[in-house]
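Enquirer: Right, I'll just put the structure down here and ask away after.
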Amino acid sequence: MKWIISNHKMNLTKKEIENYVDQISTLKSSNELVFCPSSIYLPYFQNQVNYSLGAQNVADRNMGALTGEIAIQQLKSLNVKYVIVGHSERRNILNETEEMINQKVKLILENAMVPVLCIGEKEEEINDRENILMNEIDSAFTNQVNLDQVIIAYEPIWAIGTGKIPTTEEITTITQMIKDYVHKKYQIFCRVLYGGSVSINNIDELNQVPNIDGYLIGGTSLDIEKLRVIIEKMEEEV
Ligand code: PEP
């Protein structure tokens, strides 16, 4: 089974999300479909017959006094199963630190949910890519238990929303590097997704990557017909 995780980011109005939710029931997949809408729309996604629910973020501490944040306990009460953590937009635009990311992963695991840990290098860091990725993994994984639940999303920052993607050979090599590193250091078999400009134009190419466990999809996931094409093309691979 593979994972197809839709990250809506800060998109879609109430009317648009209502239309979107109406159409989800027409999607069929033998893979795991996950939707991560804006958190204000999580209650619209409670009919989880053919999909699971994810959140785009969680607070780095338990429920209580923290204006504007959302606690893991609140996400759990809305049947959220997956939580995206460490997305480059939060790391770079909102200055989310490695300590916060580590804390979030801890809370997600403690609550028996699945962290989707995003890691990736900037364009100018490509030559140092392996170190960047290993450091991001180590910072998030330090002092954690039940790490076998974690999903890693390899998202090269230069590929997010740009239409550019690494070659299939590069993705194969990096995915294997991540899996081998995590296995050797943490004794777990980690699932690794690719994210960054996945589209109906490159999905055939991406599906050639033999060791990838699925995709984290931003922009393309906002259009349910495009998402349907991707889901169907992945079905051919099952
Ligand atoms: C993302 O930011 O998680 C992402 C994959 O975005 P996009 O597909 O739009 O590049």
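We name chains A, B, ... following the order of the structure tokens; residues begin at 1 in each chain, and ligands are numbered from 1 as shown.
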Could you pull the residues within 7 Å of Val105 of chain A, counting only C-alpha atoms, minus those fewer than 4 positions along the same chain, as a list of chain:residue names?

Expert: A:Ile101, A:Leu109, A:Pro115, A:Ala140

Enquirer: Could the residues in this selection be written to a file with C-alpha atoms, as a compact mmCIF listing (two decimals), in the first residue's frame?

Expert:
# COMPACT_ATOMS: atom_id res chain seq x y z
CA ILE A 101 9.57 19.93 15.57
CA LEU A 109 3.56 9.69 18.77
CA PRO A 115 3.79 12.19 12.12
CA ALA A 140 13.24 15.15 15.00

Enquirer: Please give the complete set of residues from chain A that DSSP, run on the backbone, assigns to strand (DSSP E), formatted as a PyMOL selection string.

Expert: chain A and resi 3-7+32-36+52-55+80-85+114-119+151-154+191-195+214-217

Enquirer: Those same residues - N, CA and C atoms - I'd like them written as a short mmCIF file (atom, residue, chain, number, x, y, z; two decimals), in the first residue's frame.

Expert:
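Wrote it out as selection18.cif, contents follow:
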data_model
loop_
_atom_site.label_atom_id
_atom_site.label_comp_id
_atom_site.auth_asym_id
_atom_site.auth_seq_id
_atom_site.Cartn_x
_atom_site.Cartn_y
_atom_site.Cartn_z
N TRP A 3 0.86 5.77 0.09
CA TRP A 3 0.15 6.90 0.70
C TRP A 3 0.03 8.03 -0.32
N ILE A 4 -1.16 8.61 -0.40
CA ILE A 4 -1.37 9.79 -1.25
C ILE A 4 -1.91 10.87 -0.31
N ILE A 5 -1.03 11.75 0.11
CA ILE A 5 -1.41 12.74 1.14
C ILE A 5 -1.56 14.11 0.49
N SER A 6 -2.77 14.66 0.61
CA SER A 6 -3.07 15.98 0.04
C SER A 6 -2.87 17.04 1.10
N ASN A 7 -2.05 18.03 0.78
CA ASN A 7 -1.80 19.15 1.69
C ASN A 7 -2.41 20.41 1.07
N GLU A 32 -3.70 4.39 0.55
CA GLU A 32 -4.23 5.19 1.67
C GLU A 32 -4.33 6.66 1.23
N LEU A 33 -5.57 7.14 1.10
CA LEU A 33 -5.81 8.54 0.76
C LEU A 33 -5.90 9.35 2.04
N VAL A 34 -5.16 10.44 2.12
CA VAL A 34 -5.19 11.29 3.32
C VAL A 34 -5.41 12.73 2.89
N PHE A 35 -6.34 13.41 3.56
CA PHE A 35 -6.58 14.82 3.26
C PHE A 35 -6.18 15.68 4.47
N CYS A 36 -5.37 16.69 4.19
CA CYS A 36 -4.95 17.64 5.23
C CYS A 36 -5.47 19.02 4.84
N SER A 52 -8.47 8.93 5.03
CA SER A 52 -8.12 9.28 6.41
C SER A 52 -7.89 10.78 6.47
N LEU A 53 -7.86 11.27 7.70
CA LEU A 53 -7.76 12.71 7.88
C LEU A 53 -6.40 13.09 8.47
N GLY A 54 -5.86 14.18 7.95
CA GLY A 54 -4.57 14.66 8.47
C GLY A 54 -4.66 16.13 8.81
N ALA A 55 -3.74 16.58 9.66
CA ALA A 55 -3.65 18.01 9.99
C ALA A 55 -2.34 18.55 9.44
N VAL A 80 -8.45 12.92 13.55
CA VAL A 80 -7.24 13.12 12.75
C VAL A 80 -6.26 12.00 13.06
N LYS A 81 -5.68 11.42 12.00
CA LYS A 81 -4.76 10.29 12.19
C LYS A 81 -3.31 10.70 11.88
N TYR A 82 -3.15 11.55 10.87
CA TYR A 82 -1.81 11.97 10.44
C TYR A 82 -1.60 13.45 10.75
N VAL A 83 -0.36 13.83 11.06
CA VAL A 83 -0.07 15.26 11.26
C VAL A 83 1.23 15.59 10.52
N ILE A 84 1.15 16.55 9.61
CA ILE A 84 2.35 17.02 8.91
C ILE A 84 3.16 17.84 9.90
N VAL A 85 4.46 17.59 9.93
CA VAL A 85 5.31 18.33 10.86
C VAL A 85 6.64 18.66 10.16
N VAL A 114 0.15 9.57 13.53
CA VAL A 114 1.28 9.36 12.62
C VAL A 114 1.90 10.70 12.20
N PRO A 115 3.14 10.97 12.61
CA PRO A 115 3.79 12.19 12.12
C PRO A 115 4.24 12.00 10.67
N VAL A 116 3.98 13.01 9.85
CA VAL A 116 4.52 13.00 8.48
C VAL A 116 5.62 14.06 8.50
N LEU A 117 6.84 13.61 8.73
CA LEU A 117 7.96 14.52 8.93
C LEU A 117 8.55 14.97 7.59
N CYS A 118 8.45 16.27 7.31
CA CYS A 118 8.99 16.79 6.05
C CYS A 118 10.45 17.18 6.23
N ILE A 119 11.27 16.70 5.30
CA ILE A 119 12.68 17.09 5.29
C ILE A 119 13.05 17.46 3.86
N ILE A 151 6.24 8.62 9.20
CA ILE A 151 6.41 8.66 7.74
C ILE A 151 7.30 9.86 7.45
N ILE A 152 8.31 9.65 6.60
CA ILE A 152 9.15 10.79 6.20
C ILE A 152 8.72 11.23 4.81
N ALA A 153 8.56 12.54 4.62
CA ALA A 153 8.30 13.06 3.27
C ALA A 153 9.54 13.82 2.82
N TYR A 154 10.21 13.28 1.80
CA TYR A 154 11.35 14.00 1.24
C TYR A 154 10.82 15.05 0.28
N ARG A 191 8.82 4.47 6.15
CA ARG A 191 8.18 4.75 4.86
C ARG A 191 8.59 6.16 4.43
N VAL A 192 8.91 6.28 3.14
CA VAL A 192 9.39 7.58 2.63
C VAL A 192 8.54 8.00 1.43
N LEU A 193 7.96 9.19 1.54
CA LEU A 193 7.17 9.75 0.43
C LEU A 193 8.00 10.79 -0.31
N TYR A 194 7.62 11.05 -1.56
CA TYR A 194 8.22 12.18 -2.26
C TYR A 194 7.19 13.31 -2.31
N GLY A 195 7.66 14.56 -2.13
CA GLY A 195 6.78 15.72 -2.29
C GLY A 195 7.50 16.85 -2.98
N GLY A 214 4.89 6.65 -1.72
CA GLY A 214 3.75 7.51 -2.04
C GLY A 214 4.18 8.96 -2.17
N TYR A 215 3.18 9.84 -2.13
CA TYR A 215 3.43 11.26 -2.41
C TYR A 215 2.73 12.17 -1.42
N LEU A 216 3.38 13.31 -1.17
CA LEU A 216 2.72 14.42 -0.46
C LEU A 216 2.48 15.47 -1.54
N ILE A 217 1.21 15.82 -1.74
CA ILE A 217 0.84 16.64 -2.89
C ILE A 217 0.21 17.94 -2.45
#

Enquirer: Which chains and residue numbers are within 7 Å of ligand 1, counting only C-alpha atoms and all ligand atoms, if I want them as a list in words?

Expert: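 These are the residues that qualify: Asn7, His87, Glu155, Ala159, Ile160, Gly161, Thr162, Gly195, Gly196, Ser197, Val198, Leu216, Ile217, Gly218, Gly219 and Thr220 of chain A.
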
Enquirer: What residues in segment 13-51 of chain A get the DSSP label alpha helix (DSSP H)? Please answer as a ChimeraX atom specification.

Expert: /A:14-24

Enquirer: Considering only C-alpha atoms, can you say which of A:Gln56, A:Gly68, A:Lys15, A:Asn31 comes closest to Lys2 of chain A?

Expert: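 Of the candidates, the smallest distance to Lys2 of chain A is held by A:Asn31.
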
Enquirer: May I have the residues within 8 Å of Gly120 of chain A as a list in words, using only C-alpha atoms and disregarding those fewer than 2 positions away in the same chain?

Expert: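 What passes the distance filter is Ser88, Cys118, Lys122, Arg129, Ile132, Leu133, Tyr154, Glu155, Pro156 and Ile157 of chain A.
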
Enquirer: Measure the distance from atom CA of Asp213 of chain A to atom CA of Met1 of chain A in Å and round it to one decimal.

Expert: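 Rounded to one decimal, the two atoms are 7.7 Å apart.
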
Enquirer: Go through A:Ser29, A:Gln103, A:Gln187, A:Ser221 and flag the residue nearest Ser199 of chain A, using only C-alpha atoms for the distances.

Expert: A:Ser221

Enquirer: Rank nothing, just name the residue among A:Ser30, A:Asn102, A:Thr97, A:Ser77 nearest to Leu42 of chain A, using only C-alpha atoms.

Expert: A:Ser77

Enquirer: Could you tell me how far atom CA of Ile188 of chain A lies from atom CA of Glu170 of chain A, in Å and to one decimal?

Expert: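 Straight-line distance from atom CA of Ile188 of chain A to atom CA of Glu170 of chain A works out to 22.7 Å.
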
Enquirer: Need the shell around Leu27 of chain A: protein/DNA/RNA residues with any atom at most 8 Å away, counting only C-alpha atoms. Skip same-chain ones fewer than 3 positions apart. Format as a ChimeraX atom specification?

Expert: /A:23-24,50,228

Enquirer: Could you write out the selected residues, including all heavy atoms, as a PDB file, in the first residue's frame?

Expert:
ATOM      1  N   GLN A  23     -17.125  15.766  -3.529  1.00  0.00           N
ATOM      2  CA  GLN A  23     -16.547  14.946  -4.602  1.00  0.00           C
ATOM      3  C   GLN A  23     -15.639  13.835  -4.103  1.00  0.00           C
ATOM      4  O   GLN A  23     -15.344  12.893  -4.835  1.00  0.00           O
ATOM      5  CB  GLN A  23     -15.756  15.843  -5.556  1.00  0.00           C
ATOM      6  CG  GLN A  23     -16.636  16.814  -6.327  1.00  0.00           C
ATOM      7  CD  GLN A  23     -15.782  17.773  -7.119  1.00  0.00           C
ATOM      8  OE1 GLN A  23     -15.139  17.383  -8.082  1.00  0.00           O
ATOM      9  NE2 GLN A  23     -15.730  19.018  -6.679  1.00  0.00           N
ATOM     10  N   ILE A  24     -15.184  13.943  -2.866  1.00  0.00           N
ATOM     11  CA  ILE A  24     -14.242  12.932  -2.360  1.00  0.00           C
ATOM     12  C   ILE A  24     -14.830  11.524  -2.431  1.00  0.00           C
ATOM     13  O   ILE A  24     -14.140  10.560  -2.741  1.00  0.00           O
ATOM     14  CB  ILE A  24     -13.809  13.251  -0.905  1.00  0.00           C
ATOM     15  CG1 ILE A  24     -12.882  14.462  -0.910  1.00  0.00           C
ATOM     16  CG2 ILE A  24     -13.097  12.066  -0.276  1.00  0.00           C
ATOM     17  CD1 ILE A  24     -12.347  14.812   0.458  1.00  0.00           C
ATOM     18  N   ASN A  50     -13.705   6.527   2.651  1.00  0.00           N
ATOM     19  CA  ASN A  50     -12.663   6.107   1.711  1.00  0.00           C
ATOM     20  C   ASN A  50     -11.364   6.892   1.867  1.00  0.00           C
ATOM     21  O   ASN A  50     -10.552   6.947   0.956  1.00  0.00           O
ATOM     22  CB  ASN A  50     -13.168   6.210   0.259  1.00  0.00           C
ATOM     23  CG  ASN A  50     -13.638   7.617  -0.081  1.00  0.00           C
ATOM     24  OD1 ASN A  50     -13.905   8.420   0.810  1.00  0.00           O
ATOM     25  ND2 ASN A  50     -13.723   7.923  -1.367  1.00  0.00           N
ATOM     26  N   ARG A 228      -7.668  12.879  -8.986  1.00  0.00           N
ATOM     27  CA  ARG A 228      -8.243  11.610  -9.443  1.00  0.00           C
ATOM     28  C   ARG A 228      -7.309  10.933 -10.452  1.00  0.00           C
ATOM     29  O   ARG A 228      -7.096   9.723 -10.418  1.00  0.00           O
ATOM     30  CB  ARG A 228      -9.620  11.860 -10.071  1.00  0.00           C
ATOM     31  CG  ARG A 228     -10.391  10.580 -10.391  1.00  0.00           C
ATOM     32  CD  ARG A 228     -11.623  10.851 -11.259  1.00  0.00           C
ATOM     33  NE  ARG A 228     -12.498  11.891 -10.739  1.00  0.00           N
ATOM     34  CZ  ARG A 228     -13.390  11.726  -9.757  1.00  0.00           C
ATOM     35  NH1 ARG A 228     -13.532  10.557  -9.191  1.00  0.00           N
ATOM     36  NH2 ARG A 228     -14.148  12.731  -9.361  1.00  0.00           N
TER      37      ARG A 228
END

Enquirer: Using only C-alpha atoms, which protein or nucleic acid residues come within 12 Å of Ile17 of chain A? Drop anything in the same chain fewer than 5 positions from it, and give the result as a ChimeraX atom specification.

Expert: /A:8,10-12,22-24,35-45,222-224
